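What follows is input_12.cif (mmCIF, N, CA and C atoms).
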data_input
loop_
_atom_site.group_PDB
_atom_site.id
_atom_site.type_symbol
_atom_site.label_atom_id
_atom_site.label_comp_id
_atom_site.auth_asym_id
_atom_site.auth_seq_id
_atom_site.Cartn_x
_atom_site.Cartn_y
_atom_site.Cartn_z
ATOM 1 N N MET P 1 40.696 -65.441 216.406
ATOM 2 C CA MET P 1 41.198 -64.902 215.146
ATOM 3 C C MET P 1 40.375 -63.701 214.699
ATOM 4 N N LYS P 2 39.055 -63.749 214.885
ATOM 5 C CA LYS P 2 38.219 -62.639 214.436
ATOM 6 C C LYS P 2 38.534 -61.351 215.187
ATOM 7 N N LYS P 3 38.585 -61.449 216.504
ATOM 8 C CA LYS P 3 38.783 -60.246 217.303
ATOM 9 C C LYS P 3 40.163 -59.640 217.076
ATOM 10 N N THR P 4 41.148 -60.481 216.869
ATOM 11 C CA THR P 4 42.491 -59.940 216.653
ATOM 12 C C THR P 4 42.581 -59.232 215.304
ATOM 13 N N ASP P 5 41.892 -59.750 214.280
ATOM 14 C CA ASP P 5 41.911 -59.077 212.979
ATOM 15 C C ASP P 5 41.219 -57.719 213.044
ATOM 16 N N ILE P 6 40.106 -57.656 213.764
ATOM 17 C CA ILE P 6 39.413 -56.379 213.915
ATOM 18 C C ILE P 6 40.277 -55.403 214.707
ATOM 19 N N LEU P 7 40.932 -55.903 215.759
ATOM 20 C CA LEU P 7 41.813 -55.044 216.561
ATOM 21 C C LEU P 7 42.992 -54.539 215.731
ATOM 22 N N ILE P 8 43.571 -55.406 214.929
ATOM 23 C CA ILE P 8 44.682 -54.994 214.063
ATOM 24 C C ILE P 8 44.211 -53.931 213.072
ATOM 25 N N GLY P 9 43.041 -54.126 212.481
ATOM 26 C CA GLY P 9 42.481 -53.132 211.565
ATOM 27 C C GLY P 9 42.194 -51.817 212.254
ATOM 28 N N PHE P 10 41.701 -51.895 213.502
ATOM 29 C CA PHE P 10 41.437 -50.692 214.287
ATOM 30 C C PHE P 10 42.728 -49.923 214.536
ATOM 31 N N LEU P 11 43.773 -50.626 214.923
ATOM 32 C CA LEU P 11 45.060 -49.968 215.188
ATOM 33 C C LEU P 11 45.667 -49.393 213.914
ATOM 34 N N ILE P 12 45.530 -50.117 212.812
ATOM 35 C CA ILE P 12 46.016 -49.608 211.527
ATOM 36 C C ILE P 12 45.254 -48.340 211.149
ATOM 37 N N GLY P 13 43.942 -48.335 211.391
ATOM 38 C CA GLY P 13 43.127 -47.161 211.090
ATOM 39 C C GLY P 13 43.520 -45.960 211.924
ATOM 40 N N LEU P 14 43.778 -46.177 213.210
ATOM 41 C CA LEU P 14 44.205 -45.062 214.067
ATOM 42 C C LEU P 14 45.570 -44.545 213.647
ATOM 43 N N PHE P 15 46.485 -45.472 213.327
ATOM 44 C CA PHE P 15 47.816 -45.053 212.892
ATOM 45 C C PHE P 15 47.751 -44.304 211.561
ATOM 46 N N GLY P 16 46.921 -44.790 210.634
ATOM 47 C CA GLY P 16 46.776 -44.118 209.342
ATOM 48 C C GLY P 16 46.203 -42.722 209.490
ATOM 49 N N ALA P 17 45.226 -42.568 210.381
ATOM 50 C CA ALA P 17 44.636 -41.249 210.609
ATOM 51 C C ALA P 17 45.637 -40.320 211.291
ATOM 52 N N PHE P 18 46.392 -40.849 212.248
ATOM 53 C CA PHE P 18 47.410 -40.021 212.908
ATOM 54 C C PHE P 18 48.469 -39.578 211.907
ATOM 55 N N LEU P 19 48.915 -40.499 211.068
ATOM 56 C CA LEU P 19 49.925 -40.163 210.070
ATOM 57 C C LEU P 19 49.386 -39.137 209.078
ATOM 58 N N GLY P 20 48.145 -39.316 208.628
ATOM 59 C CA GLY P 20 47.541 -38.356 207.708
ATOM 60 C C GLY P 20 47.355 -36.993 208.335
ATOM 61 N N THR P 21 46.976 -36.964 209.627
ATOM 62 C CA THR P 21 46.828 -35.702 210.330
ATOM 63 C C THR P 21 48.171 -35.014 210.485
ATOM 64 N N TYR P 22 49.190 -35.794 210.804
ATOM 65 C CA TYR P 22 50.541 -35.234 210.934
ATOM 66 C C TYR P 22 50.999 -34.615 209.614
ATOM 67 N N ILE P 23 50.766 -35.318 208.521
ATOM 68 C CA ILE P 23 51.185 -34.816 207.209
ATOM 69 C C ILE P 23 50.401 -33.565 206.828
ATOM 70 N N SER P 24 49.083 -33.563 207.081
ATOM 71 C CA SER P 24 48.291 -32.381 206.725
ATOM 72 C C SER P 24 48.671 -31.177 207.578
ATOM 73 N N LEU P 25 48.968 -31.395 208.862
ATOM 74 C CA LEU P 25 49.424 -30.274 209.693
ATOM 75 C C LEU P 25 50.798 -29.779 209.248
ATOM 76 N N HIS P 26 51.617 -30.689 208.776
ATOM 77 C CA HIS P 26 52.944 -30.297 208.291
ATOM 78 C C HIS P 26 52.826 -29.392 207.062
ATOM 79 N N PHE P 27 51.850 -29.685 206.176
ATOM 80 C CA PHE P 27 51.692 -28.880 204.974
ATOM 81 C C PHE P 27 50.969 -27.562 205.228
ATOM 82 N N PHE P 28 50.031 -27.528 206.183
ATOM 83 C CA PHE P 28 49.196 -26.347 206.366
ATOM 84 C C PHE P 28 49.694 -25.383 207.433
ATOM 85 N N THR P 29 50.633 -25.798 208.264
ATOM 86 C CA THR P 29 51.154 -24.892 209.291
ATOM 87 C C THR P 29 52.666 -24.834 209.200
ATOM 88 N N GLU P 30 53.197 -23.759 209.702
ATOM 89 C CA GLU P 30 54.641 -23.593 209.729
ATOM 90 C C GLU P 30 55.249 -24.149 211.014
ATOM 91 N N GLN P 31 54.404 -24.383 212.027
ATOM 92 C CA GLN P 31 54.878 -24.868 213.312
ATOM 93 C C GLN P 31 54.963 -26.394 213.299
ATOM 94 N N GLY P 32 55.326 -26.954 214.442
ATOM 95 C CA GLY P 32 55.378 -28.397 214.586
ATOM 96 C C GLY P 32 53.987 -28.982 214.762
ATOM 97 N N PHE P 33 53.943 -30.268 215.071
ATOM 98 C CA PHE P 33 52.671 -30.972 215.162
ATOM 99 C C PHE P 33 51.820 -30.453 216.316
ATOM 100 N N VAL P 34 52.392 -30.373 217.496
ATOM 101 C CA VAL P 34 51.625 -29.978 218.688
ATOM 102 C C VAL P 34 51.178 -28.525 218.578
ATOM 103 N N GLU P 35 52.080 -27.661 218.179
ATOM 104 C CA GLU P 35 51.737 -26.244 218.039
ATOM 105 C C GLU P 35 50.723 -26.038 216.919
ATOM 106 N N GLY P 36 50.888 -26.736 215.818
ATOM 107 C CA GLY P 36 49.932 -26.636 214.714
ATOM 108 C C GLY P 36 48.566 -27.156 215.099
ATOM 109 N N PHE P 37 48.530 -28.242 215.874
ATOM 110 C CA PHE P 37 47.264 -28.797 216.351
ATOM 111 C C PHE P 37 46.552 -27.777 217.232
ATOM 112 N N ARG P 38 47.297 -27.137 218.107
ATOM 113 C CA ARG P 38 46.713 -26.144 219.006
ATOM 114 C C ARG P 38 46.198 -24.933 218.226
ATOM 115 N N LEU P 39 46.954 -24.486 217.238
ATOM 116 C CA LEU P 39 46.528 -23.345 216.426
ATOM 117 C C LEU P 39 45.276 -23.666 215.620
ATOM 118 N N MET P 40 45.223 -24.867 215.051
ATOM 119 C CA MET P 40 44.037 -25.260 214.284
ATOM 120 C C MET P 40 42.820 -25.400 215.186
ATOM 121 N N LYS P 41 43.031 -25.876 216.399
ATOM 122 C CA LYS P 41 41.913 -26.002 217.339
ATOM 123 C C LYS P 41 41.401 -24.629 217.737
ATOM 124 N N GLN P 42 42.305 -23.680 217.959
ATOM 125 C CA GLN P 42 41.890 -22.313 218.301
ATOM 126 C C GLN P 42 41.139 -21.661 217.148
ATOM 127 N N GLY P 43 41.545 -21.956 215.933
ATOM 128 C CA GLY P 43 40.890 -21.392 214.760
ATOM 129 C C GLY P 43 39.606 -22.094 214.377
ATOM 130 N N GLY P 44 39.301 -23.224 215.030
ATOM 131 C CA GLY P 44 38.084 -23.963 214.719
ATOM 132 C C GLY P 44 38.207 -24.846 213.492
ATOM 133 N N ASN P 45 39.421 -25.153 213.085
ATOM 134 C CA ASN P 45 39.641 -25.956 211.884
ATOM 135 C C ASN P 45 40.106 -27.375 212.166
ATOM 136 N N ILE P 46 40.063 -27.814 213.417
ATOM 137 C CA ILE P 46 40.631 -29.117 213.747
ATOM 138 C C ILE P 46 39.820 -30.262 213.140
ATOM 139 N N GLY P 47 38.519 -30.077 213.007
ATOM 140 C CA GLY P 47 37.695 -31.109 212.379
ATOM 141 C C GLY P 47 38.083 -31.331 210.924
ATOM 142 N N LYS P 48 38.388 -30.252 210.245
ATOM 143 C CA LYS P 48 38.810 -30.348 208.848
ATOM 144 C C LYS P 48 40.159 -31.041 208.724
ATOM 145 N N VAL P 49 41.057 -30.753 209.663
ATOM 146 C CA VAL P 49 42.389 -31.364 209.635
ATOM 147 C C VAL P 49 42.289 -32.871 209.909
ATOM 148 N N ILE P 50 41.462 -33.250 210.874
ATOM 149 C CA ILE P 50 41.291 -34.675 211.173
ATOM 150 C C ILE P 50 40.630 -35.386 209.995
ATOM 151 N N THR P 51 39.695 -34.713 209.333
ATOM 152 C CA THR P 51 39.056 -35.299 208.160
ATOM 153 C C THR P 51 40.071 -35.510 207.038
ATOM 154 N N LEU P 52 40.929 -34.536 206.805
ATOM 155 C CA LEU P 52 41.985 -34.711 205.804
ATOM 156 C C LEU P 52 42.940 -35.831 206.201
ATOM 157 N N GLY P 53 43.174 -35.943 207.500
ATOM 158 C CA GLY P 53 44.056 -36.993 207.987
ATOM 159 C C GLY P 53 43.472 -38.383 207.835
ATOM 160 N N ALA P 54 42.157 -38.479 207.715
ATOM 161 C CA ALA P 54 41.520 -39.789 207.587
ATOM 162 C C ALA P 54 41.495 -40.301 206.148
ATOM 163 N N ILE P 55 41.898 -39.500 205.195
ATOM 164 C CA ILE P 55 41.888 -39.923 203.792
ATOM 165 C C ILE P 55 42.769 -41.156 203.539
ATOM 166 N N PRO P 56 43.943 -41.272 204.152
ATOM 167 C CA PRO P 56 44.713 -42.500 203.930
ATOM 168 C C PRO P 56 43.985 -43.777 204.359
ATOM 169 N N ASN P 57 43.033 -43.654 205.289
ATOM 170 C CA ASN P 57 42.270 -44.827 205.695
ATOM 171 C C ASN P 57 41.401 -45.362 204.568
ATOM 172 N N LEU P 58 40.956 -44.495 203.671
ATOM 173 C CA LEU P 58 40.191 -44.966 202.510
ATOM 174 C C LEU P 58 41.051 -45.864 201.627
ATOM 175 N N ILE P 59 42.275 -45.444 201.419
ATOM 176 C CA ILE P 59 43.187 -46.245 200.601
ATOM 177 C C ILE P 59 43.473 -47.583 201.278
ATOM 178 N N ILE P 60 43.722 -47.536 202.573
ATOM 179 C CA ILE P 60 43.992 -48.771 203.323
ATOM 180 C C ILE P 60 42.771 -49.673 203.314
ATOM 181 N N PHE P 61 41.580 -49.100 203.476
ATOM 182 C CA PHE P 61 40.339 -49.863 203.495
ATOM 183 C C PHE P 61 40.149 -50.640 202.193
ATOM 184 N N PHE P 62 40.271 -49.951 201.059
ATOM 185 C CA PHE P 62 40.069 -50.622 199.776
ATOM 186 C C PHE P 62 41.185 -51.619 199.475
ATOM 187 N N PHE P 63 42.394 -51.352 199.941
ATOM 188 C CA PHE P 63 43.483 -52.309 199.780
ATOM 189 C C PHE P 63 43.183 -53.597 200.553
ATOM 190 N N LEU P 64 42.684 -53.457 201.781
ATOM 191 C CA LEU P 64 42.353 -54.642 202.583
ATOM 192 C C LEU P 64 41.186 -55.412 201.977
ATOM 193 N N LEU P 65 40.222 -54.713 201.412
ATOM 194 C CA LEU P 65 39.122 -55.418 200.745
ATOM 195 C C LEU P 65 39.610 -56.194 199.529
ATOM 196 N N LYS P 66 40.537 -55.613 198.802
ATOM 197 C CA LYS P 66 41.082 -56.289 197.624
ATOM 198 C C LYS P 66 41.856 -57.550 198.015
ATOM 199 N N LYS P 67 42.513 -57.518 199.181
ATOM 200 C CA LYS P 67 43.279 -58.665 199.676
ATOM 201 C C LYS P 67 42.417 -59.637 200.482
ATOM 202 N N ASN P 68 41.080 -59.461 200.467
ATOM 203 C CA ASN P 68 40.127 -60.319 201.180
ATOM 204 C C ASN P 68 40.378 -60.351 202.685
ATOM 205 N N LYS P 69 40.738 -59.229 203.243
ATOM 206 C CA LYS P 69 40.903 -59.068 204.685
ATOM 207 C C LYS P 69 39.711 -58.258 205.203
ATOM 208 N N ASP P 70 38.522 -58.855 205.125
ATOM 209 C CA ASP P 70 37.297 -58.139 205.453
ATOM 210 C C ASP P 70 37.238 -57.723 206.920
ATOM 211 N N LEU P 71 37.733 -58.556 207.813
ATOM 212 C CA LEU P 71 37.672 -58.216 209.232
ATOM 213 C C LEU P 71 38.602 -57.057 209.579
ATOM 214 N N MET P 72 39.751 -57.011 208.941
ATOM 215 C CA MET P 72 40.636 -55.868 209.155
ATOM 216 C C MET P 72 40.008 -54.600 208.594
ATOM 217 N N ALA P 73 39.303 -54.715 207.473
ATOM 218 C CA ALA P 73 38.614 -53.556 206.899
ATOM 219 C C ALA P 73 37.512 -53.078 207.843
ATOM 220 N N ARG P 74 36.863 -54.009 208.555
ATOM 221 C CA ARG P 74 35.867 -53.616 209.557
ATOM 222 C C ARG P 74 36.524 -52.833 210.689
ATOM 223 N N GLY P 75 37.729 -53.214 211.052
ATOM 224 C CA GLY P 75 38.465 -52.479 212.068
ATOM 225 C C GLY P 75 38.762 -51.056 211.627
ATOM 226 N N ILE P 76 39.049 -50.874 210.335
ATOM 227 C CA ILE P 76 39.277 -49.538 209.783
ATOM 228 C C ILE P 76 38.003 -48.705 209.919
ATOM 229 N N VAL P 77 36.864 -49.313 209.593
ATOM 230 C CA VAL P 77 35.588 -48.597 209.701
ATOM 231 C C VAL P 77 35.301 -48.246 211.161
ATOM 232 N N LEU P 78 35.590 -49.153 212.067
ATOM 233 C CA LEU P 78 35.395 -48.894 213.492
ATOM 234 C C LEU P 78 36.263 -47.719 213.949
ATOM 235 N N SER P 79 37.502 -47.678 213.493
ATOM 236 C CA SER P 79 38.371 -46.558 213.872
ATOM 237 C C SER P 79 37.839 -45.249 213.300
ATOM 238 N N MET P 80 37.229 -45.294 212.126
ATOM 239 C CA MET P 80 36.654 -44.081 211.546
ATOM 240 C C MET P 80 35.467 -43.589 212.377
ATOM 241 N N PHE P 81 34.645 -44.518 212.892
ATOM 242 C CA PHE P 81 33.547 -44.111 213.774
ATOM 243 C C PHE P 81 34.072 -43.455 215.040
ATOM 244 N N ILE P 82 35.108 -44.037 215.623
ATOM 245 C CA ILE P 82 35.701 -43.468 216.835
ATOM 246 C C ILE P 82 36.284 -42.094 216.546
ATOM 247 N N LEU P 83 36.959 -41.951 215.404
ATOM 248 C CA LEU P 83 37.510 -40.641 215.035
ATOM 249 C C LEU P 83 36.419 -39.616 214.793
ATOM 250 N N THR P 84 35.294 -40.039 214.261
ATOM 251 C CA THR P 84 34.166 -39.131 214.053
ATOM 252 C C THR P 84 33.641 -38.619 215.381
ATOM 253 N N ILE P 85 33.512 -39.506 216.358
ATOM 254 C CA ILE P 85 33.036 -39.110 217.680
ATOM 255 C C ILE P 85 34.035 -38.152 218.332
ATOM 256 N N ILE P 86 35.315 -38.457 218.212
ATOM 257 C CA ILE P 86 36.346 -37.576 218.785
ATOM 258 C C ILE P 86 36.311 -36.203 218.115
ATOM 259 N N THR P 87 36.104 -36.180 216.799
ATOM 260 C CA THR P 87 36.040 -34.917 216.085
ATOM 261 C C THR P 87 34.835 -34.093 216.543
ATOM 262 N N LEU P 88 33.712 -34.744 216.785
ATOM 263 C CA LEU P 88 32.534 -34.025 217.276
ATOM 264 C C LEU P 88 32.763 -33.461 218.668
ATOM 265 N N ILE P 89 33.510 -34.180 219.493
ATOM 266 C CA ILE P 89 33.792 -33.712 220.851
ATOM 267 C C ILE P 89 34.748 -32.522 220.826
ATOM 268 N N LEU P 90 35.770 -32.606 219.968
ATOM 269 C CA LEU P 90 36.751 -31.520 219.901
ATOM 270 C C LEU P 90 36.127 -30.315 219.230
#
Output the structure of this file as structure tokens.
Amino acid sequence: MKKTDILIGFLIGLFGAFLGTYISLHFFTEQGFVEGFRLMKQGGNIGKVITLGAIPNLIIFFFLLKKNKDLMARGIVLSMFILTIITLIL
């Protein structure tokens, strides 16, 4: 039960960050997702876009804490660490 809750939280965190990144690219670029991602990477702004995309994870994190789903909230934090490492690599 513990590992599955953390895994579910991790997947929710990745999905929330992807959705937030998609929405931020939609607002900041005129192109589609892939083209906007490539343009932001060329401009050196991809870290900022991924950071903006991670904001929905804060809302999800505090919602899970309020519902006493601490292990799922840990999964959200784990996904944020992974996203931080990916952002540093990109």
Given the PyMOL selection byres ((chain P and resi 58-72) around 7), the residues it picks as a count of residues only: 16
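Pairwise distance (atom CA of Ala17 of chain P, atom CA of Val49 of chain P) equals 10.2 Å.
Going from atom N of Gly53 of chain P over to atom CA of Gly20 of chain P, you cover 5.0 Å.
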The PyMOL selection byres ((chain P and resi 84-87) around 8) applied to the shown file, residues as a list in words: Ile46, Gly47, Lys48, Ile50, Thr51, Leu78, Ser79, Met80, Phe81, Ile82, Leu83, Leu88, Ile89 and Leu90 of chain P
Atom-to-atom span, atom N of Gly43 of chain P and atom N of Phe28 of chain P, Å: 14.1 Å
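Nearest-residue note for Leu25 of chain P: choosing from P:Thr4, P:Leu11, P:Leu52, P:Gln42, the minimum distance belongs to P:Leu52, counting only C-alpha atoms.
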